[in-house]
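A.B. asks: Contents of work-v4.cif (mmCIF, C-alpha atoms and all ligand atoms) are below:
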data_work
loop_
_atom_site.label_atom_id
_atom_site.label_comp_id
_atom_site.auth_asym_id
_atom_site.auth_seq_id
_atom_site.Cartn_x
_atom_site.Cartn_y
_atom_site.Cartn_z
CA MET A 1 -89.51 182.62 0.17
CA LYS A 2 -92.77 184.51 -0.24
CA LEU A 3 -92.32 187.64 -2.30
CA GLY A 4 -93.97 190.86 -3.31
CA VAL A 5 -92.86 191.24 -6.95
CA ILE A 6 -92.79 194.56 -8.77
CA GLY A 7 -92.01 194.81 -12.48
CA TYR A 8 -90.80 198.35 -13.20
CA GLY A 9 -90.81 199.63 -16.81
CA ASN A 10 -91.53 197.57 -19.91
CA ALA A 11 -89.03 194.70 -19.49
CA GLY A 12 -89.78 194.54 -15.75
CA GLY A 13 -93.53 194.28 -16.37
CA LYS A 14 -93.18 191.62 -19.07
CA ILE A 15 -90.88 189.45 -16.96
CA ALA A 16 -93.10 189.83 -13.87
CA ASP A 17 -96.09 188.85 -16.03
CA ARG A 18 -94.25 185.78 -17.29
CA LEU A 19 -93.15 184.93 -13.74
CA LEU A 20 -96.75 184.88 -12.57
CA GLN A 21 -97.73 182.63 -15.48
CA PHE A 22 -94.84 180.23 -14.78
CA GLU A 23 -95.70 180.11 -11.09
CA GLU A 24 -99.30 179.18 -11.93
CA GLN A 25 -98.29 176.60 -14.54
CA THR A 26 -95.87 174.85 -12.18
CA HIS A 27 -98.12 175.20 -9.09
CA ARG A 28 -95.41 177.01 -7.15
CA ASN A 29 -96.05 179.11 -4.14
CA LEU A 30 -93.79 182.13 -4.46
CA THR A 31 -95.61 185.42 -4.88
CA ARG A 32 -98.12 187.14 -2.65
CA ALA A 33 -98.65 189.99 -5.11
CA VAL A 34 -97.28 190.76 -8.57
CA ILE A 35 -97.42 194.39 -9.63
CA ALA A 36 -96.44 196.29 -12.75
CA ILE A 37 -95.48 199.97 -12.69
CA ASN A 38 -94.69 201.81 -15.91
CA SER A 39 -94.75 205.23 -17.52
CA ALA A 40 -96.10 203.84 -20.82
CA LYS A 41 -99.81 203.02 -20.76
CA VAL A 42 -99.71 200.77 -23.82
CA ASP A 43 -97.10 198.46 -22.25
CA LEU A 44 -99.30 198.00 -19.18
CA GLU A 45 -102.26 197.19 -21.43
CA ARG A 46 -100.32 194.41 -23.14
CA LEU A 47 -99.71 192.38 -19.97
CA GLU A 48 -101.70 189.16 -19.84
CA HIS A 49 -101.48 187.72 -16.34
CA ILE A 50 -101.03 190.55 -13.86
CA PRO A 51 -104.52 191.66 -12.77
CA ARG A 52 -105.56 195.12 -13.98
CA GLU A 53 -105.88 196.43 -10.42
CA ASN A 54 -102.17 195.63 -9.95
CA ARG A 55 -100.99 197.79 -12.88
CA PHE A 56 -99.97 201.37 -12.15
CA LEU A 57 -99.10 204.26 -14.43
CA VAL A 58 -96.55 206.82 -13.25
CA GLY A 59 -95.71 210.22 -14.74
CA GLN A 60 -99.15 210.59 -16.29
CA THR A 61 -99.47 214.24 -15.32
CA ASP A 62 -95.95 215.15 -16.40
CA GLU A 63 -96.02 217.08 -19.70
CA ARG A 64 -92.90 215.23 -20.93
CA VAL A 65 -94.38 211.78 -20.33
CA LYS A 66 -98.18 211.76 -20.48
CA GLY A 67 -98.47 207.99 -20.52
CA HIS A 68 -95.98 207.49 -23.38
CA GLY A 69 -92.82 206.40 -21.54
CA VAL A 70 -89.69 208.43 -20.85
CA GLY A 71 -87.91 207.74 -24.15
CA GLY A 72 -84.83 206.12 -22.65
CA ASP A 73 -84.12 208.98 -20.22
CA PRO A 74 -83.29 207.49 -16.78
CA ASP A 75 -83.14 210.92 -15.11
CA LEU A 76 -86.75 211.46 -16.11
CA GLY A 77 -87.55 207.90 -15.01
CA ALA A 78 -86.11 208.65 -11.57
CA GLU A 79 -87.81 212.05 -11.39
CA ILE A 80 -91.33 210.76 -12.06
CA THR A 81 -90.80 207.94 -9.56
CA ARG A 82 -89.96 210.49 -6.87
CA GLN A 83 -92.79 212.80 -7.93
CA ASP A 84 -95.45 210.11 -8.14
CA GLN A 85 -95.04 208.87 -4.57
CA TYR A 86 -98.81 208.70 -4.13
CA GLU A 87 -99.23 206.27 -7.06
CA ILE A 88 -96.19 204.24 -5.92
CA ASP A 89 -97.62 203.93 -2.41
CA ARG A 90 -100.98 202.90 -3.85
CA ALA A 91 -99.13 200.14 -5.73
CA LEU A 92 -97.25 199.03 -2.62
CA ASP A 93 -100.54 198.86 -0.70
CA ARG A 94 -101.41 195.87 -2.92
CA VAL A 95 -98.60 193.86 -1.26
CA PRO A 96 -99.58 192.05 1.96
CA VAL A 97 -96.30 192.95 3.63
CA TYR A 98 -97.09 190.95 6.82
CA ASP A 99 -97.03 187.79 4.67
CA ILE A 100 -93.83 188.20 2.63
CA GLY A 101 -90.16 187.48 3.23
CA GLY A 102 -88.98 190.14 0.82
CA PHE A 103 -89.60 192.33 -2.23
CA LEU A 104 -88.29 191.60 -5.72
CA ILE A 105 -88.00 194.51 -8.16
CA ILE A 106 -87.46 193.57 -11.81
CA ALA A 107 -86.24 196.10 -14.38
CA GLY A 108 -84.40 196.38 -17.69
CA LEU A 109 -81.44 198.71 -17.08
CA GLY A 110 -80.86 199.96 -20.63
CA GLY A 111 -83.97 202.16 -20.96
CA GLY A 112 -85.34 205.02 -18.89
CA THR A 113 -88.30 204.06 -16.69
CA GLY A 114 -86.83 200.88 -15.17
CA SER A 115 -83.24 202.05 -15.25
CA GLY A 116 -83.87 205.32 -13.42
CA GLY A 117 -87.01 204.36 -11.50
CA ALA A 118 -86.17 200.94 -10.05
CA PRO A 119 -83.32 202.17 -7.78
CA GLU A 120 -85.57 205.00 -6.53
CA LEU A 121 -88.35 202.51 -5.80
CA ALA A 122 -85.94 200.17 -3.99
CA GLU A 123 -84.73 203.03 -1.82
CA HIS A 124 -88.28 204.07 -1.01
CA ILE A 125 -89.27 200.50 -0.02
CA ARG A 126 -86.19 200.17 2.17
CA GLU A 127 -87.04 203.39 3.98
CA THR A 128 -90.64 202.28 4.50
CA TYR A 129 -90.45 198.53 5.24
CA GLU A 130 -88.09 196.19 7.06
CA GLU A 131 -88.21 193.29 4.59
CA PRO A 132 -85.18 192.79 2.35
CA VAL A 133 -85.37 194.24 -1.14
CA TYR A 134 -83.91 192.15 -3.97
CA GLY A 135 -83.43 193.29 -7.54
CA LEU A 136 -83.41 191.49 -10.87
CA GLY A 137 -81.59 193.71 -13.34
CA ILE A 138 -81.52 193.02 -17.09
CA LEU A 139 -78.35 194.21 -18.82
CA PRO A 140 -78.70 195.41 -22.44
CA ALA A 141 -77.04 193.63 -25.36
CA GLU A 142 -74.00 195.33 -26.89
CA GLU A 143 -75.85 196.03 -30.14
CA GLU A 144 -78.28 198.29 -28.29
CA GLY A 145 -75.54 200.92 -28.36
CA GLY A 146 -73.76 203.41 -26.16
CA ARG A 147 -76.81 205.12 -24.70
CA ALA A 148 -78.23 201.82 -23.37
CA ALA A 149 -74.79 200.90 -21.97
CA LEU A 150 -74.48 204.29 -20.28
CA ASN A 151 -77.96 203.97 -18.74
CA ALA A 152 -77.18 200.45 -17.52
CA ALA A 153 -73.78 201.32 -16.06
CA ARG A 154 -75.26 204.19 -14.06
CA SER A 155 -78.29 202.21 -12.95
CA LEU A 156 -76.20 199.19 -11.96
CA GLN A 157 -74.39 201.22 -9.35
CA ALA A 158 -77.52 202.83 -7.93
CA PHE A 159 -79.61 199.63 -8.04
CA THR A 160 -76.88 197.56 -6.33
CA GLN A 161 -76.61 200.12 -3.53
CA ALA A 162 -80.38 200.35 -3.10
CA THR A 163 -80.98 196.58 -2.85
CA ASP A 164 -79.91 193.76 -0.53
CA ASN A 165 -78.84 191.71 -3.56
CA LEU A 166 -79.08 192.34 -7.28
CA VAL A 167 -79.40 189.27 -9.51
CA LEU A 168 -78.19 190.01 -13.04
CA PHE A 169 -79.36 188.69 -16.38
CA ASP A 170 -77.30 189.61 -19.42
CA ASN A 171 -79.26 189.96 -22.66
CA HIS A 172 -75.95 189.98 -24.54
CA ALA A 173 -74.92 186.52 -23.35
CA TRP A 174 -78.40 185.14 -24.05
CA ARG A 175 -79.20 186.56 -27.48
CA GLY A 176 -79.28 183.73 -29.99
CA SER A 177 -77.34 184.07 -33.23
CA GLU A 178 -80.64 183.78 -35.13
CA ASP A 179 -82.48 186.30 -32.95
CA SER A 180 -82.69 190.01 -33.23
CA VAL A 181 -82.38 191.63 -29.79
CA VAL A 182 -86.15 191.99 -29.51
CA GLY A 183 -87.14 188.74 -31.27
CA GLY A 184 -85.52 186.60 -28.60
CA PHE A 185 -87.16 188.23 -25.56
CA ASP A 186 -89.96 185.73 -25.32
CA ARG A 187 -87.49 182.87 -25.10
CA THR A 188 -85.12 184.66 -22.72
CA ASN A 189 -87.97 185.73 -20.43
CA THR A 190 -88.92 182.07 -20.02
CA GLU A 191 -85.32 181.20 -19.16
CA ILE A 192 -85.15 184.02 -16.61
CA VAL A 193 -88.34 183.11 -14.75
CA LYS A 194 -87.58 179.39 -14.75
CA ARG A 195 -84.36 180.09 -12.83
CA VAL A 196 -85.70 182.76 -10.51
CA VAL A 197 -88.88 180.89 -9.59
CA THR A 198 -87.15 177.51 -9.10
CA LEU A 199 -84.59 179.14 -6.83
CA LEU A 200 -86.73 181.45 -4.75
CA SER A 201 -89.79 179.23 -4.34
CA ALA A 202 -87.70 176.44 -2.77
CA GLY A 203 -88.86 175.73 0.75
CA GLU A 204 -92.40 176.99 0.18
CA ILE A 205 -94.89 174.24 0.94
CA ASP A 206 -97.29 173.65 -1.95
CA GLY A 207 -98.79 170.29 -1.00
CA SER A 208 -95.71 168.26 -1.99
CA ARG A 209 -94.12 166.00 0.59
CA ILE A 210 -91.29 167.34 2.71
CA SER A 211 -87.98 165.74 1.81
CA GLU A 212 -85.08 164.75 4.05
CA ASN A 213 -82.86 167.64 3.02
CA ALA A 214 -85.60 170.15 2.24
CA MET A 215 -84.36 173.65 1.56
CA ASP A 216 -85.36 176.25 4.09
CA SER A 217 -86.21 179.71 2.79
CA GLY A 218 -84.01 181.10 5.61
CA ASP A 219 -81.02 179.59 3.75
CA ILE A 220 -81.93 181.58 0.65
CA ARG A 221 -82.15 184.76 2.69
CA ARG A 222 -78.76 184.05 4.31
CA THR A 223 -77.12 183.47 0.94
CA MET A 224 -78.60 186.65 -0.51
CA ALA A 225 -77.54 188.72 2.51
CA THR A 226 -74.07 189.29 1.03
CA GLY A 227 -75.17 192.35 -0.94
CA GLY A 228 -73.53 192.98 -4.31
CA VAL A 229 -74.51 191.28 -7.56
CA SER A 230 -75.37 187.62 -8.13
CA THR A 231 -75.83 185.20 -10.96
CA ILE A 232 -77.83 181.99 -11.31
CA ALA A 233 -76.79 178.63 -12.79
CA TYR A 234 -79.31 176.06 -14.01
CA ALA A 235 -79.55 172.61 -15.59
CA GLU A 236 -82.37 170.13 -15.93
CA THR A 237 -82.88 166.59 -17.10
CA ALA A 238 -86.04 164.80 -18.19
CA LEU A 239 -87.05 161.84 -16.05
CA GLY A 240 -88.32 158.43 -17.11
CA THR A 241 -91.99 157.62 -16.54
CA GLU A 242 -91.24 155.43 -13.53
CA GLU A 243 -89.67 158.29 -11.61
CA ARG A 244 -92.20 160.94 -12.43
CA ASP A 245 -95.48 159.06 -11.96
CA ALA A 246 -97.55 160.56 -9.21
CA GLY A 247 -100.72 159.05 -7.78
CA LEU A 248 -101.30 155.56 -6.46
CA LEU A 249 -99.36 153.67 -9.09
CA GLY A 250 -96.48 156.08 -8.68
CA ARG A 251 -96.43 155.64 -4.91
CA PHE A 252 -96.45 151.85 -5.29
CA ARG A 253 -93.59 151.99 -7.79
CA GLU A 254 -91.73 154.40 -5.58
CA GLN A 255 -91.65 151.93 -2.69
CA ASN A 256 -90.27 149.28 -4.98
CA SER A 257 -87.75 151.45 -6.68
CA ARG A 258 -86.37 153.36 -3.70
CA ALA A 259 -83.28 151.21 -3.56
CA THR A 260 -82.42 152.08 -7.17
CA ALA A 261 -83.40 155.73 -6.93
CA ASN A 262 -81.34 156.32 -3.80
CA GLY A 263 -78.46 154.25 -5.01
CA ALA A 264 -75.44 155.10 -7.09
CA ASP A 265 -77.36 156.15 -10.24
CA ALA A 266 -79.46 158.80 -8.52
CA GLY A 267 -76.41 160.11 -6.64
CA THR A 268 -74.32 160.43 -9.79
CA ARG A 269 -77.19 162.09 -11.61
CA VAL A 270 -77.74 164.69 -8.87
CA SER A 271 -74.07 165.60 -8.44
CA GLY A 272 -73.58 165.57 -12.22
CA LEU A 273 -76.53 167.91 -12.70
CA ILE A 274 -75.11 170.38 -10.16
CA ARG A 275 -71.78 170.43 -12.04
CA GLN A 276 -73.53 170.76 -15.38
CA ALA A 277 -75.53 173.75 -14.08
CA VAL A 278 -72.46 175.64 -12.87
CA GLN A 279 -70.56 174.88 -16.08
CA SER A 280 -73.47 176.01 -18.30
CA ARG A 281 -74.35 179.57 -19.25
CA LEU A 282 -75.04 181.64 -16.13
CA THR A 283 -77.76 184.31 -16.14
CA CYS A 284 -74.82 186.70 -16.24
CA PRO A 285 -71.42 185.13 -16.97
CA ALA A 286 -69.05 185.52 -14.01
CA ALA A 287 -65.99 183.83 -12.53
CA VAL A 288 -67.44 181.16 -10.25
CA ASP A 289 -64.54 181.39 -7.81
CA SER A 290 -65.31 185.05 -7.18
CA ALA A 291 -68.62 184.19 -5.42
CA GLU A 292 -68.79 184.91 -1.71
CA ARG A 293 -71.60 182.44 -0.86
CA SER A 294 -73.56 179.88 -2.87
CA LEU A 295 -76.75 177.91 -2.61
CA ILE A 296 -77.81 174.75 -4.44
CA VAL A 297 -81.43 173.69 -4.88
CA VAL A 298 -82.29 170.35 -6.46
CA SER A 299 -85.91 170.36 -7.53
CA GLY A 300 -88.04 167.45 -8.72
CA PRO A 301 -89.94 164.38 -7.52
CA PRO A 302 -88.54 163.13 -4.18
CA GLU A 303 -87.94 159.68 -5.70
CA ALA A 304 -85.16 161.20 -7.80
CA PHE A 305 -83.35 162.88 -4.89
CA SER A 306 -80.14 161.61 -3.42
CA ARG A 307 -78.62 162.82 -0.17
CA LYS A 308 -75.20 161.52 -1.22
CA GLY A 309 -75.40 163.19 -4.62
CA LEU A 310 -76.40 166.51 -3.09
CA GLU A 311 -73.53 166.38 -0.62
CA LYS A 312 -71.06 165.43 -3.33
CA GLY A 313 -72.27 168.33 -5.48
CA ARG A 314 -72.02 170.69 -2.52
CA GLN A 315 -68.45 169.65 -1.75
CA TRP A 316 -67.50 170.04 -5.42
CA LEU A 317 -68.91 173.59 -5.43
CA GLU A 318 -67.03 174.41 -2.22
CA ARG A 319 -63.82 173.55 -4.04
CA GLU A 320 -64.82 175.44 -7.20
CA THR A 321 -65.75 178.61 -5.32
CA ASP A 322 -62.97 178.18 -2.78
CA SER A 323 -65.50 178.98 -0.08
CA ALA A 324 -66.95 177.02 2.81
CA GLU A 325 -70.22 178.91 2.53
CA VAL A 326 -72.16 176.60 0.25
CA LEU A 327 -75.66 175.55 1.32
CA ALA A 328 -77.65 172.82 -0.42
CA GLY A 329 -81.17 171.45 -0.19
CA ASP A 330 -83.96 169.66 -2.01
CA ASP A 331 -87.20 171.12 -3.25
CA PRO A 332 -89.76 168.31 -3.58
CA ARG A 333 -92.24 168.63 -6.47
CA ASP A 334 -94.53 165.62 -6.61
CA GLY A 335 -95.19 164.49 -10.15
CA ALA A 336 -92.56 166.79 -11.73
CA ARG A 337 -91.33 165.51 -15.10
CA THR A 338 -87.85 166.93 -14.75
CA LEU A 339 -85.09 167.03 -12.19
CA SER A 340 -83.41 170.42 -12.04
CA ALA A 341 -80.45 171.94 -10.25
CA VAL A 342 -80.35 175.66 -9.66
CA VAL A 343 -77.35 177.37 -8.09
CA LEU A 344 -77.17 180.90 -6.77
CA LEU A 345 -73.68 182.40 -6.85
CA SER A 346 -73.98 185.34 -4.53
CA ASN A 347 -71.83 188.49 -4.56
CA VAL A 348 -69.71 187.59 -7.57
CA THR A 349 -67.00 190.20 -8.01
CA ASP A 350 -65.48 189.14 -11.32
CA VAL A 351 -68.17 189.88 -13.92
CA PRO A 352 -66.58 190.67 -17.32
CA ARG A 353 -69.83 192.02 -18.85
CA VAL A 354 -70.10 194.68 -16.12
CA LYS A 355 -66.54 195.85 -16.84
CA GLN A 356 -67.31 195.86 -20.57
CA LEU A 357 -70.50 197.88 -20.01
CA GLN A 358 -68.56 200.42 -17.98
CA GLN A 359 -66.02 200.76 -20.82
CA GLN A 360 -68.80 201.09 -23.38
CA ALA A 361 -70.45 203.69 -21.14
CA ILE A 362 -67.25 205.76 -20.85
CA MET A 363 -66.88 205.75 -24.66
CA ALA A 364 -70.54 206.73 -25.06
CA GLN A 365 -70.18 209.58 -22.57
CA ARG A 366 -67.11 210.85 -24.46
CA SER A 367 -68.84 210.81 -27.81
CA ILE A 368 -71.95 212.53 -26.36
CA LYS A 369 -69.68 215.27 -24.92
CA GLU A 370 -67.82 215.61 -28.23
CA ARG A 371 -71.08 215.90 -30.13
CA GLU A 372 -72.31 218.55 -27.69
CA THR A 373 -69.06 220.51 -28.02
CA THR A 374 -69.18 220.31 -31.83
CA ARG A 375 -72.80 221.46 -31.85
CA ALA A 376 -71.98 224.34 -29.48
CA ASP A 377 -69.07 225.34 -31.77
CA GLU A 378 -71.34 225.20 -34.84
CA ILE A 379 -73.95 227.37 -33.15
CA GLN A 380 -71.26 229.82 -32.04
CA ALA A 381 -69.95 229.98 -35.64
CA LEU A 382 -73.46 230.68 -36.97
CA ILE A 383 -74.00 233.45 -34.40
CA THR A 384 -70.64 235.03 -35.34
CA ASP A 385 -71.44 234.81 -39.11
CA ASP A 386 -74.85 236.45 -38.78
CA GLY A 387 -74.03 238.67 -35.89
CA ASN A 388 -77.43 237.62 -34.53
CA GLU A 389 -78.58 235.03 -32.06
CA LEU A 390 -80.47 232.04 -33.52
CA GLU A 391 -84.15 231.58 -32.98
CA PRO A 392 -84.72 228.56 -30.76
CA LEU A 393 -85.22 225.41 -32.90
N1 LIG B 1 -84.77 190.06 -21.31
C1 LIG B 1 -85.56 191.06 -21.72
N2 LIG B 1 -85.06 192.28 -21.85
C2 LIG B 1 -85.88 193.27 -22.29
C3 LIG B 1 -87.23 193.04 -22.63
N3 LIG B 1 -87.77 194.24 -23.06
C4 LIG B 1 -86.78 195.15 -22.98
N4 LIG B 1 -85.63 194.58 -22.51
C5 LIG B 1 -84.35 195.21 -22.16
O1 LIG B 1 -84.67 196.25 -21.23
C6 LIG B 1 -84.08 197.47 -21.61
C7 LIG B 1 -85.00 198.59 -21.22
O2 LIG B 1 -86.12 198.59 -22.08
P1 LIG B 1 -87.58 198.89 -21.55
O3 LIG B 1 -87.88 198.05 -20.36
O4 LIG B 1 -88.49 198.77 -22.72
O5 LIG B 1 -87.47 200.40 -21.09
P2 LIG B 1 -88.29 201.13 -19.95
O6 LIG B 1 -87.67 200.84 -18.64
O7 LIG B 1 -89.75 200.81 -20.09
O8 LIG B 1 -88.01 202.67 -20.24
P3 LIG B 1 -88.57 203.66 -21.39
O9 LIG B 1 -89.00 202.80 -22.56
O10 LIG B 1 -87.40 204.52 -21.70
O11 LIG B 1 -89.71 204.40 -20.79
C8 LIG B 1 -83.78 197.32 -23.08
O12 LIG B 1 -82.63 198.05 -23.35
C9 LIG B 1 -83.57 195.84 -23.27
O13 LIG B 1 -82.22 195.50 -23.05
C10 LIG B 1 -87.74 191.73 -22.45
O14 LIG B 1 -88.90 191.40 -22.71
N5 LIG B 1 -86.85 190.79 -22.00
#
Any chance you could put this one into structure tokens?
C.D. replies:
Amino acid sequence: MKLGVIGYGNAGGKIADRLLQFEEQTHRNLTRAVIAINSAKVDLERLEHIPRENRFLVGQTDERVKGHGVGGDPDLGAEITRQDQYEIDRALDRVPVYDIGGFLIIAGLGGGTGSGGAPELAEHIRETYEEPVYGLGILPAEEEGGRAALNAARSLQAFTQATDNLVLFDNHAWRGSEDSVVGGFDRTNTEIVKRVVTLLSAGEIDGSRISENAMDSGDIRRTMATGGVSTIAYAETALGTEERDAGLLGRFREQNSRATANGADAGTRVSGLIRQAVQSRLTCPAAVDSAERSLIVVSGPPEAFSRKGLEKGRQWLERETDSAEVLAGDDPRDGARTLSAVVLLSNVTDVPRVKQLQQQAIMAQRSIKERETTRADEIQALITDDGNELEPL
């Protein structure tokens, strides 16, 4: 599917930047424009791959922002997004809408700019264009505290409603034991884009041969049309030199090895990889059987594909999800060194981390209220003691 990608806020911009790099490195054909929008000038400056003319600063004229971010305040993030419609529309003008199958908005939900702004942006795009709007929302890790959880819980609701499908990535599930929350972002951003690009670029011709069971981007759209939140499964395996050689020698070998590649070994490997993906860590852990629809993409050199293996994997997932709505297809990548299986579990309804975030958010809201009440009581006590009103701080 061809996409217009917009990274909103700091995390959104960094991940969009990494996505563009990954797309270029793997010669995929996914994006028609990649844009970064942020309220912090310095974060936009740090991006390495998104062209300068595709970076936009919002809230610059607002006294509370002035190019320095919104300090974790999603209400302010939403406000400047609404106010700066001119700048937002200038950014959207960079997307050749006639040539895309949808928009993808990426944002971290624990801060202010992305958390508050991304749902506003999604709503604005939906009112203006007919193409579907997908979201990629990054959930904060537990250690980031109550405020981040509260921001994320609120944004989750608004972002889900404003998009056709919201894919989740949970920083909590992906932080390594050795990493600080921030230290691991580089690694996690690579994991995110690998999954998202492999999934969404399936079916886009990039010079590779068309395979027998090639995935059609219409299948991706159909699977994403459920609404709600989704999660992505992924597994990959390195291939031997014989299977990955491209060029003349590779083609010659391919003809001679087709019988082996399409035989039992290739089939077992493909179906095994699909199982391994679904049983590995999902972008956001969720109960697999709560998915409404699913989609499997097996990506790699066509010599490693197996129709039987794909079908076996598809039937296995039908049983696991207890749903007949499982689509599967190949994504041929000539000369690829790995075979990968990526699975989209769409509209998952049993997502423990979301429930946990909501609990954490309720607790945070309570303690904020308590603090406000205590502070109001203290001020009242001071006024009563002095008999005078306090000067503003
Ligand atoms: N996976 C990942 N998550 C990130 C990254 N940077 C930030 N985050 C997460 O995103 C959340 C929001 O942080 P930012 O994107 O920096 O915030 P912002 O949207 O720019 O908003 P303000 O800084 O308040 O203006 C954080 O709470 C983190 O959980 C990143 O590079 N990768």
A.B. asks: Which residues of chain A sit at most 7 Å from ligand LIG 1 (chain B), using only C-alpha atoms and all ligand atoms? Give each one's shortest atom pair and distance in Å (one decimal place), in chain and ascending residue order, as a tab-separated table.
C.D. replies:
residue	atom	partner	partner_atom	distance
A:Tyr8	CA	B:LIG1	O6	6.8
A:Gly9	CA	B:LIG1	O7	3.6
A:Asn10	CA	B:LIG1	O7	3.7
A:Ala11	CA	B:LIG1	O3	3.6
A:Gly12	CA	B:LIG1	O3	6.1
A:Lys14	CA	B:LIG1	O14	5.6
A:Ile15	CA	B:LIG1	O14	6.4
A:Asn38	CA	B:LIG1	O7	6.5
A:Ser39	CA	B:LIG1	O11	6.1
A:Ala40	CA	B:LIG1	O11	6.4
A:Gly69	CA	B:LIG1	O11	3.8
A:Val70	CA	B:LIG1	O11	4.0
A:Gly71	CA	B:LIG1	O10	4.1
A:Gly72	CA	B:LIG1	O10	3.2
A:Asp73	CA	B:LIG1	O10	5.7
A:Ala107	CA	B:LIG1	O3	6.5
A:Gly108	CA	B:LIG1	O1	3.6
A:Leu109	CA	B:LIG1	C6	5.4
A:Gly110	CA	B:LIG1	O12	3.8
A:Gly111	CA	B:LIG1	C7	3.7
A:Gly112	CA	B:LIG1	O10	3.5
A:Thr113	CA	B:LIG1	O6	3.8
A:Gly114	CA	B:LIG1	O6	3.6
A:Ser115	CA	B:LIG1	O6	5.7
A:Ile138	CA	B:LIG1	N2	6.0
A:Leu139	CA	B:LIG1	O13	5.9
A:Pro140	CA	B:LIG1	O13	3.6
A:Ala141	CA	B:LIG1	O13	6.0
A:Glu144	CA	B:LIG1	O12	6.6
A:Ala148	CA	B:LIG1	O12	5.8
A:Asn171	CA	B:LIG1	N1	5.7
A:Phe185	CA	B:LIG1	N5	4.4
A:Asp186	CA	B:LIG1	O14	6.3
A:Thr188	CA	B:LIG1	N1	5.6
A:Asn189	CA	B:LIG1	N5	5.4
A.B. asks: For atom CA of A:Ile105 and atom CA of A:Gly4, determine how far apart the two atoms are, in Å to one decimal place.
C.D. replies: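 So the answer is 8.5 Å.
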A.B. asks: Quick one: residues within 6 Å of A:Ser346, all atoms listed in the file, excluding same-chain residues fewer than 5 positions away - as JSON, numbers by chain?
C.D. replies: {"A": [230, 291, 292, 293, 294]}
A.B. asks: Quick one: distance from atom CA of A:Glu303 to atom CA of A:Leu199 in Å, one decimal?
C.D. replies: 19.8 Å
A.B. asks: Which neighbours of stretch 309-317 of chain A fall inside 10 Å, counting all atoms listed in the file, when residues of the same chain fewer than 3 positions from it are skipped, and could you give them as a PyMOL selection string?
C.D. replies: chain A and resi 213+262-275+278+288-289+294-298+305-306+320-330+341+343
A.B. asks: Provide the atom CA of A:Arg307 to atom CA of A:Ala287 distance in Å, to one decimal place.
C.D. replies: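 Between atom CA of A:Arg307 and atom CA of A:Ala287 the gap is 27.5 Å.
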A.B. asks: Smallest atom-to-atom distance to A:Arg46: which of A:Val5, A:Asp17, A:Glu191, A:Ser340, using all atoms listed in the file?
C.D. replies: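 With all atoms listed in the file as the atom set, the closest residue is A:Asp17.
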A.B. asks: Can you tell me, as a PyMOL selection string, what residues are no more than 8 Å from A:Phe159 when counting all atoms listed in the file, ignoring any on the same chain fewer than 3 positions away?
C.D. replies: chain A and resi 118-119+122+135+155-156+162-163+166
A.B. asks: Using all atoms listed in the file, which residue out of A:Gly59, A:Thr283, A:Glu212, A:Gln360 lies closest to A:Ala235?
C.D. replies: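 Counting all atoms listed in the file, the residue closest to A:Ala235 is A:Thr283.
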A.B. asks: What are the centre and the three edge lengths of an axis-aligned box that wraps all atoms of stretch 188-195 of chain A in the file, given that 6 Å is added to every side, written as lines of an AutoDock Vina configuration file and rounded to one decimal in Å?
C.D. replies:
center_x = -86.6
center_y = 182.6
center_z = -17.8
size_x = 16.6
size_y = 18.3
size_z = 21.9
A.B. asks: Which residue gives the smallest distance to A:Arg175 among A:Arg281, A:Gly117, A:Ile220, A:Ala91, with all atoms listed in the file counted?
C.D. replies: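 With all atoms listed in the file as the atom set, the closest residue is A:Arg281.
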A.B. asks: Using only C-alpha atoms, which of A:Asp84, A:Glu79, A:Glu127, A:Asp164 sits nearest A:Asn347?
C.D. replies: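 Result for the nearest residue to A:Asn347: A:Asp164.
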A.B. asks: Extract, using only C-alpha atoms, all DNA, RNA and protein residues at most 9 Å from A:Val58, discarding same-chain residues fewer than 2 positions from it, and format them as a PDB file with C-alpha atoms, keeping the file's coordinate frame.
C.D. replies:
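Writing the result to part28.pdb gives the following:
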ATOM      1  CA  ILE A  37     -95.480 199.970 -12.690  1.00  0.00           C
ATOM      2  CA  ASN A  38     -94.690 201.810 -15.910  1.00  0.00           C
ATOM      3  CA  SER A  39     -94.750 205.230 -17.520  1.00  0.00           C
ATOM      4  CA  ALA A  40     -96.100 203.840 -20.820  1.00  0.00           C
ATOM      5  CA  PHE A  56     -99.970 201.370 -12.150  1.00  0.00           C
ATOM      6  CA  GLN A  60     -99.150 210.590 -16.290  1.00  0.00           C
ATOM      7  CA  THR A  61     -99.470 214.240 -15.320  1.00  0.00           C
ATOM      8  CA  ASP A  62     -95.950 215.150 -16.400  1.00  0.00           C
ATOM      9  CA  VAL A  65     -94.380 211.780 -20.330  1.00  0.00           C
ATOM     10  CA  LYS A  66     -98.180 211.760 -20.480  1.00  0.00           C
ATOM     11  CA  GLY A  67     -98.470 207.990 -20.520  1.00  0.00           C
ATOM     12  CA  ILE A  80     -91.330 210.760 -12.060  1.00  0.00           C
ATOM     13  CA  THR A  81     -90.800 207.940  -9.560  1.00  0.00           C
ATOM     14  CA  GLN A  83     -92.790 212.800  -7.930  1.00  0.00           C
ATOM     15  CA  ASP A  84     -95.450 210.110  -8.140  1.00  0.00           C
ATOM     16  CA  GLU A  87     -99.230 206.270  -7.060  1.00  0.00           C
ATOM     17  CA  ILE A  88     -96.190 204.240  -5.920  1.00  0.00           C
TER      18      ILE A  88
END
